[in-house]
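What follows is a set of notes on a single structure, which appears directly below.
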Amino acid sequence: PLGKSKFDTNITTIPKYDHVGVGPGTVVHRPAIKQYQKAIRDRAGDKIAGGKIIKVEAHPIPEHYRPRRIQGRIALVGDAAGYVTKCSGEGIYFAAKSGRMAAEEIVKLMKGGSRLPSQAEVEETYLKKYDKAYGPTYAVLDVLQKVFYSSNGAREAFVELCDSKYVQQVTFDSYLYKKVQGNNPLDDLKLLGETIGCSIKGYSVAKADAVCSNPVESQKRI
């Protein structure tokens, strides 16, 4: 929590040469982004005294696969293809990885520049390989976001779950290798029980969600 504001996603800090970019994220309440930005400045307090705000802005993060990622001789990669993961907001790795995969497959199909690949060929190589490698990661993070980022009660449960060493290890390994890790049936079963317990507790102690000024649009983004 920052002041009276509770984020439903994460805060990203990006050090630059002569300034620092700090950004809060939101999934369910986009109009509150300015409130979240102000809460960060208020929380920082004396630490940013004397500093200058260069720019305040907000942009949507493309965290949904685009309906059409290949069209004719155009192949989308990275943010253009909607490859930002939910929950973590990771996009740089997948932008670089998808760009490389697309380029390598297209170069192979061109056979030394003697031909141009068709849309179907690129879909059968680049898209098929990318989705096979990372599709499960996107699917799991999509479920996690729907379950844990939709209300204050769910977020409270998620915070408590993060005390688990198993959750911490799986999260670290998954973020490091960019693929869902874990696969320990016994620990996964224990985690399911902990999730149910934390959810009951989270909903019992959480404050009511703030009124959302655009509930229809916001719910579509979960």
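Chain labels A, B, ... are given in the sequence in which chains occur in the structure tokens; within each chain residues are numbered consecutively from 1, and ligands are likewise numbered from 1 in the order shown.
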Exercise for review: May I have the residues within 9 Å of segment 95-106 of chain A as a VMD selection string, using only C-alpha atoms and disregarding those fewer than 6 positions away in the same chain?
Suggested key: chain A and resid 75 to 81 83 to 84 116 to 117 121 to 122 125 to 127 129 to 130
Point to revise | Close residues, Gln168 of chain A itself excluded, 12 Å, only C-alpha atoms, min 6 positions apart in chain, as number ranges by chain | key: A: 158-162, 174-175, 181-182, 191
Can those selected residues be exported to a file as a PDB file, in the first residue's frame so that it contains C-alpha atoms?
```
ATOM      1  CA  PHE A 158      -1.582 -13.206  -2.838  1.00  0.00           C
ATOM      2  CA  VAL A 159       0.628 -11.098  -0.566  1.00  0.00           C
ATOM      3  CA  GLU A 160       0.343 -13.687   2.216  1.00  0.00           C
ATOM      4  CA  LEU A 161       1.088 -16.541  -0.182  1.00  0.00           C
ATOM      5  CA  CYS A 162       4.340 -14.833  -1.102  1.00  0.00           C
ATOM      6  CA  SER A 174      10.011 -18.838 -13.523  1.00  0.00           C
ATOM      7  CA  TYR A 175      11.078 -15.217 -13.891  1.00  0.00           C
ATOM      8  CA  GLN A 181       8.807 -23.856 -13.050  1.00  0.00           C
ATOM      9  CA  GLY A 182       7.857 -25.993 -10.056  1.00  0.00           C
ATOM     10  CA  LEU A 191       0.100 -24.707  -2.199  1.00  0.00           C
TER      11      LEU A 191
END
```
